[in-house]
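What follows is run.cif (mmCIF, C-alpha atoms).
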data_start
#
loop_
_atom_site.label_atom_id
_atom_site.label_comp_id
_atom_site.auth_asym_id
_atom_site.auth_seq_id
_atom_site.Cartn_x
_atom_site.Cartn_y
_atom_site.Cartn_z
CA MET P 19 -22.13 18.06 -7.06
CA THR P 20 -24.53 19.90 -4.79
CA GLY P 21 -25.72 23.41 -4.07
CA LEU P 22 -28.87 25.50 -4.25
CA PHE P 23 -31.11 26.77 -7.03
CA SER P 24 -34.17 28.91 -7.53
CA GLY P 25 -37.12 28.37 -9.83
CA THR P 26 -36.11 25.86 -12.52
CA ALA P 27 -32.56 24.79 -13.36
CA ASP P 28 -31.00 22.88 -16.25
CA PHE P 29 -28.43 20.36 -15.01
CA ASP P 30 -27.68 18.75 -18.40
CA PRO P 31 -24.90 20.46 -20.39
CA ALA P 32 -25.86 18.49 -23.51
CA LEU P 33 -28.59 19.34 -26.03
CA THR P 34 -31.20 17.39 -24.12
CA TYR P 35 -32.32 19.17 -20.97
CA PHE P 36 -33.11 17.90 -17.53
CA LEU P 37 -35.18 20.37 -15.56
CA SER P 38 -35.50 20.05 -11.81
CA GLU P 39 -38.25 22.24 -10.41
CA GLN P 40 -37.99 24.03 -7.12
CA VAL P 41 -39.94 22.42 -4.28
CA GLY P 42 -42.50 24.37 -2.28
CA GLY P 43 -42.03 27.84 -3.79
CA SER P 44 -39.24 29.01 -1.48
CA THR P 45 -36.38 31.36 -2.35
CA TYR P 46 -34.07 28.40 -3.04
CA ASP P 47 -33.86 24.63 -2.62
CA ILE P 48 -31.25 21.84 -2.50
CA PHE P 49 -29.98 20.01 -5.57
CA PHE P 50 -27.48 17.22 -6.01
CA ALA P 51 -26.43 15.81 -9.35
CA LYS P 52 -24.13 13.17 -10.80
CA TYR P 53 -21.93 13.31 -13.93
CA ASP P 54 -19.49 10.81 -15.39
CA ASN P 55 -15.76 11.43 -15.99
CA LEU P 56 -16.53 13.08 -19.34
CA ALA P 57 -19.06 15.47 -17.74
CA ASN P 58 -22.02 13.60 -19.20
CA PHE P 59 -25.17 14.12 -17.18
CA LEU P 60 -26.42 11.04 -15.27
CA TRP P 61 -29.11 12.28 -12.85
CA ALA P 62 -30.19 15.14 -10.61
CA LYS P 63 -32.41 15.34 -7.53
CA SER P 64 -33.97 18.24 -5.68
CA MET P 65 -35.58 18.65 -2.29
CA GLY P 66 -36.52 21.43 0.03
CA SER P 67 -39.37 23.21 1.75
CA THR P 68 -41.23 26.50 1.64
CA TYR P 69 -38.17 28.07 3.30
CA PRO P 70 -34.55 28.53 2.13
CA ASP P 71 -32.51 25.28 2.03
CA ALA P 72 -29.11 24.47 0.52
CA GLY P 73 -26.64 21.65 -0.06
CA ASN P 74 -23.10 22.53 1.01
CA SER P 75 -20.96 19.41 0.51
CA ILE P 76 -21.20 15.94 -1.02
CA ALA P 77 -18.95 12.85 -0.85
CA LEU P 78 -18.90 9.14 -1.61
CA SER P 79 -18.63 6.66 1.25
CA PRO P 80 -15.21 4.95 1.56
CA ILE P 81 -16.30 1.75 -0.15
CA GLY P 82 -18.73 3.41 -2.56
CA SER P 83 -21.84 2.08 -0.82
CA GLY P 84 -23.58 5.42 -0.79
CA ILE P 85 -23.54 9.21 -1.00
CA TYR P 86 -23.17 11.59 1.93
CA LEU P 87 -24.85 14.99 1.64
CA THR P 88 -24.69 17.88 4.08
CA GLY P 89 -26.17 21.36 4.09
CA TYR P 90 -28.71 23.41 5.99
CA PHE P 91 -32.47 23.76 6.14
CA THR P 92 -35.02 26.12 7.64
CA ASN P 93 -37.76 24.97 10.04
CA SER P 94 -38.67 21.65 8.38
CA ILE P 95 -37.50 19.55 5.45
CA ASP P 96 -38.22 16.26 3.67
CA LEU P 97 -34.79 14.72 2.96
CA ASP P 98 -36.19 11.95 0.76
CA PRO P 99 -35.84 13.11 -2.89
CA GLY P 100 -38.20 10.32 -4.00
CA PRO P 101 -41.87 9.63 -3.28
CA GLY P 102 -41.12 8.57 0.31
CA ASN P 103 -41.03 10.81 3.35
CA ALA P 104 -38.14 11.58 5.70
CA THR P 105 -39.28 14.83 7.29
CA TYR P 106 -37.28 16.55 10.02
CA THR P 107 -38.70 19.48 11.98
CA LEU P 108 -36.75 21.77 14.29
CA GLN P 109 -37.97 21.96 17.87
CA THR P 110 -36.11 25.20 18.60
CA GLY P 111 -34.57 27.84 16.35
CA ASN P 112 -35.30 28.21 12.66
CA GLU P 113 -32.13 26.95 10.89
CA SER P 114 -30.01 23.82 11.29
CA ILE P 115 -27.52 21.65 9.44
CA PHE P 116 -28.29 18.17 8.14
CA LEU P 117 -26.22 15.12 7.22
CA ALA P 118 -27.88 12.40 5.15
CA LYS P 119 -26.72 9.27 3.38
CA TYR P 120 -28.33 7.95 0.20
CA SER P 121 -27.97 4.76 -1.79
CA ASN P 122 -26.00 5.03 -5.04
CA THR P 123 -29.24 4.94 -7.01
CA VAL P 124 -30.56 7.83 -4.86
CA THR P 125 -33.98 6.30 -4.53
CA ASN P 126 -34.09 6.52 -0.76
CA ILE P 127 -32.16 7.46 2.34
CA PHE P 128 -29.62 4.71 2.89
CA ASN P 129 -29.89 2.69 6.12
CA GLU P 130 -26.24 2.29 6.96
CA GLN P 131 -26.72 0.74 10.39
CA ALA P 132 -27.42 -2.70 8.97
CA ASN P 133 -23.99 -3.03 7.37
CA GLU P 134 -21.80 -0.72 9.42
CA ASN P 135 -21.84 -2.60 12.70
CA ILE P 136 -18.15 -3.17 13.45
CA THR P 137 -16.64 -0.77 15.96
CA LEU P 138 -13.25 0.30 14.63
CA SER P 139 -10.59 2.64 16.02
CA ALA P 140 -7.29 3.95 14.65
CA TYR P 141 -4.52 5.29 16.92
CA PRO P 142 -2.37 7.23 17.51
CA ASN P 143 -4.29 9.87 15.65
CA PRO P 144 -2.72 11.88 14.07
CA SER P 145 0.30 9.77 13.13
CA LYS P 146 3.52 10.11 11.11
CA GLU P 147 4.65 6.51 10.67
CA THR P 148 2.40 3.77 12.08
CA ILE P 149 -1.17 3.35 13.23
CA THR P 150 -2.89 0.57 15.14
CA ILE P 151 -6.30 -0.63 13.99
CA LYS P 152 -8.46 -2.26 16.60
CA THR P 153 -11.98 -3.67 16.58
CA GLY P 154 -14.40 -3.39 19.48
CA ARG P 155 -14.21 -5.66 22.49
CA GLY P 156 -15.39 -9.19 21.78
CA THR P 157 -15.42 -8.74 17.99
CA PHE P 158 -13.84 -11.70 16.24
CA ILE P 159 -13.75 -11.84 12.45
CA ALA P 160 -11.90 -14.74 10.88
CA THR P 161 -11.28 -13.05 7.52
CA SER P 162 -11.82 -9.45 6.45
CA ASN P 163 -10.61 -6.91 3.92
CA LEU P 164 -8.89 -3.75 5.11
CA LYS P 165 -8.64 -0.63 2.94
CA ILE P 166 -7.24 2.86 3.36
CA VAL P 167 -8.99 5.47 1.21
CA ASN P 168 -7.98 9.09 0.63
CA THR P 169 -10.31 12.09 0.39
CA LEU P 170 -10.62 11.59 -3.39
CA GLY P 171 -12.09 8.14 -2.81
CA GLU P 172 -8.96 6.39 -4.10
CA THR P 173 -7.83 3.17 -2.41
CA VAL P 174 -4.20 3.74 -1.41
CA TYR P 175 -3.70 0.53 0.57
CA GLN P 176 -5.45 -2.84 0.73
CA LYS P 177 -4.82 -5.99 2.73
CA GLN P 178 -6.62 -9.17 3.79
CA ILE P 179 -6.79 -9.62 7.56
CA VAL P 180 -7.04 -13.11 9.05
CA ASN P 181 -7.68 -12.41 12.75
CA THR P 182 -9.18 -9.13 13.98
CA GLN P 183 -8.86 -9.95 17.68
CA THR P 184 -5.21 -9.00 17.45
CA PRO P 185 -4.62 -5.24 16.93
CA ILE P 186 -3.40 -4.54 13.39
CA GLN P 187 -0.18 -2.53 12.99
CA LEU P 188 0.04 -0.57 9.75
CA ASP P 189 2.96 1.37 8.31
CA VAL P 190 1.50 4.61 6.92
CA SER P 191 4.80 6.46 6.41
CA PHE P 192 4.40 6.17 2.62
CA LEU P 193 1.15 8.17 2.64
CA LYS P 194 1.03 11.87 1.86
CA ALA P 195 -0.06 14.19 4.65
CA GLY P 196 -3.84 14.41 4.86
CA LEU P 197 -7.06 12.83 6.06
CA TYR P 198 -7.75 9.13 5.41
CA VAL P 199 -10.48 6.58 6.13
CA VAL P 200 -9.64 3.00 7.04
CA SER P 201 -12.41 0.48 6.39
CA LEU P 202 -12.80 -3.13 7.47
CA SER P 203 -15.37 -5.23 5.61
CA SER P 204 -16.45 -8.81 6.20
CA GLN P 205 -19.52 -11.02 6.27
CA LYS P 206 -20.31 -9.59 9.70
CA GLY P 207 -20.50 -6.06 8.37
CA ASN P 208 -18.36 -2.97 7.90
CA GLY P 209 -16.46 -0.62 10.17
CA TYR P 210 -14.81 2.74 9.51
CA ALA P 211 -12.30 4.98 11.28
CA ARG P 212 -10.65 8.23 10.23
CA PHE P 213 -7.07 9.24 10.86
CA MET P 214 -4.80 12.14 9.99
CA LYS P 215 -1.37 11.47 8.43
CA LEU P 216 1.29 14.03 9.31
CA GLU P 217 4.45 14.88 7.38
#

Take the structure in the file and write it out as structure tokens.
Amino acid sequence: MTGLFSGTADFDPALTYFLSEQVGGSTYDIFFAKYDNLANFLWAKSMGSTYPDAGNSIALSPIGSGIYLTGYFTNSIDLDPGPGNATYTLQTGNESIFLAKYSNTVTNIFNEQANENITLSAYPNPSKETITIKTGRGTFIATSNLKIVNTLGETVYQKQIVNTQTPIQLDVSFLKAGLYVVSLSSQKGNGYARFMKLE
């Protein structure tokens, strides 16, 4: 979960408390926290600046390799909740949105470029019955795993692909209407594409 807080906040609903202090003395700062399926507290992180900042939305990546966090900040912000530094400063204006990805351990901003290097497209988009999955020009992967994941992070379809040079035809008529992510993972890296399923 994510949001904003002021002063000091208790993120642990149990008898033991976890206090996350506001950064920089502003009106409010960003927090994001993790709980298990039984609502047991696992961890919480905070970050911000001397100006108002807030987290608006949080999600897991399709294959669970990291956490996406988005929100807004004022003037300047350090998006590294650990001892490192990932400071962004606005050149014009005084408020802007941010989108950051963190490793599952939330020790640092996650460098996704190293293992998301397969260009992937899904069309037609949106679609009612079938979609075609295609890798970028010149990309050949002998064996890879293809998954379709819904917005809850649930894998709704999985298949092993033998040759990615040939466009992959998928029947998606069984899926409920909504937004989905298709992922292709192999030793060469990962690729992602979103598509909308219509009724």

**Request:** Enumerate, as a list in words, the residues matched when the PyMOL selection byres ((chain P and resi 166) around 8) is run on the file above.
**Result:** Leu164, Lys165, Val167, Asn168, Thr173, Val174, Tyr175, Gln176, Tyr198, Val199, Val200 and Ser201 of chain P

For the residues in the current selection, export C-alpha atoms as an mmCIF file, in the frame of the given file.
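File part33.cif, as written:
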data_model
loop_
_atom_site.group_PDB
_atom_site.id
_atom_site.type_symbol
_atom_site.label_atom_id
_atom_site.label_comp_id
_atom_site.auth_asym_id
_atom_site.auth_seq_id
_atom_site.Cartn_x
_atom_site.Cartn_y
_atom_site.Cartn_z
ATOM 1 C CA LEU P 164 -8.890 -3.750 5.110
ATOM 2 C CA LYS P 165 -8.640 -0.630 2.940
ATOM 3 C CA VAL P 167 -8.990 5.470 1.210
ATOM 4 C CA ASN P 168 -7.980 9.090 0.630
ATOM 5 C CA THR P 173 -7.830 3.170 -2.410
ATOM 6 C CA VAL P 174 -4.200 3.740 -1.410
ATOM 7 C CA TYR P 175 -3.700 0.530 0.570
ATOM 8 C CA GLN P 176 -5.450 -2.840 0.730
ATOM 9 C CA TYR P 198 -7.750 9.130 5.410
ATOM 10 C CA VAL P 199 -10.480 6.580 6.130
ATOM 11 C CA VAL P 200 -9.640 3.000 7.040
ATOM 12 C CA SER P 201 -12.410 0.480 6.390
#

**Message:** Can you translate the PyMOL selection byres ((chain P and resi 99-115) around 12) into the concrete residues it hits in this file, as a VMD selection string?
**Reply:** chain P and resid 38 40 to 41 47 to 51 62 to 67 69 to 75 87 to 98 116 to 121 123 to 128

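For the residues P:Gln205, P:Pro185, P:Lys177, P:Tyr46, ranking by smallest atom-to-atom distance to Thr153 (chain P) using only C-alpha atoms places P:Pro185 first.
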
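Between CA of Ser204 (chain P) and CA of Asn181 (chain P) the interatomic distance comes to 11.5 Å.
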
**Prompt:** Could you write out as a list in words the residues that the PyMOL selection byres ((chain P and resi 137) around 7) matches in the shown file?
**Reply:**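 Given this file, the PyMOL selection byres ((chain P and resi 137) around 7) evaluates to Asn135, Ile136, Leu138, Ser139, Thr153, Gly154 and Gly209 of chain P.
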
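CA of Lys206 (chain P) sits 25.6 Å away from CA of Thr169 (chain P).
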
**Asked** From the set P:Ser203, P:Leu197, P:Tyr53, P:Glu147, which residue has the shortest atom-to-atom contact distance to Gln178 (chain P), counting only C-alpha atoms?
**Response**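 Of P:Ser203, P:Leu197, P:Tyr53, P:Glu147, the one nearest Gln178 (chain P), counting only C-alpha atoms, is P:Ser203.
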
**Message:** Using all atoms listed in the file, can you tell me which of P:Lys215, P:Ala57, P:Leu22, P:Thr161 comes closest to Pro144 (chain P)?
**Reply:**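 When distances to Pro144 (chain P) are compared using all atoms listed in the file, the smallest one comes from P:Lys215.
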
Let me have the centre and edge lengths of the axis-aligned box enclosing all listed atoms of region 142-148 of chain P with 3 Å padding on every side, in Å to one decimal, as JSON.
{"center_x": 0.2, "center_y": 7.8, "center_z": 14.1, "size_x": 14.9, "size_y": 14.1, "size_z": 12.8}

**Asked** Quick one: of P:Thr68, P:Thr45, P:Glu172, P:Ile76, who's nearest to Met19 (chain P), counting only C-alpha atoms?
**Response**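 Using only C-alpha atoms, Met19 (chain P) sits closest to P:Ile76.
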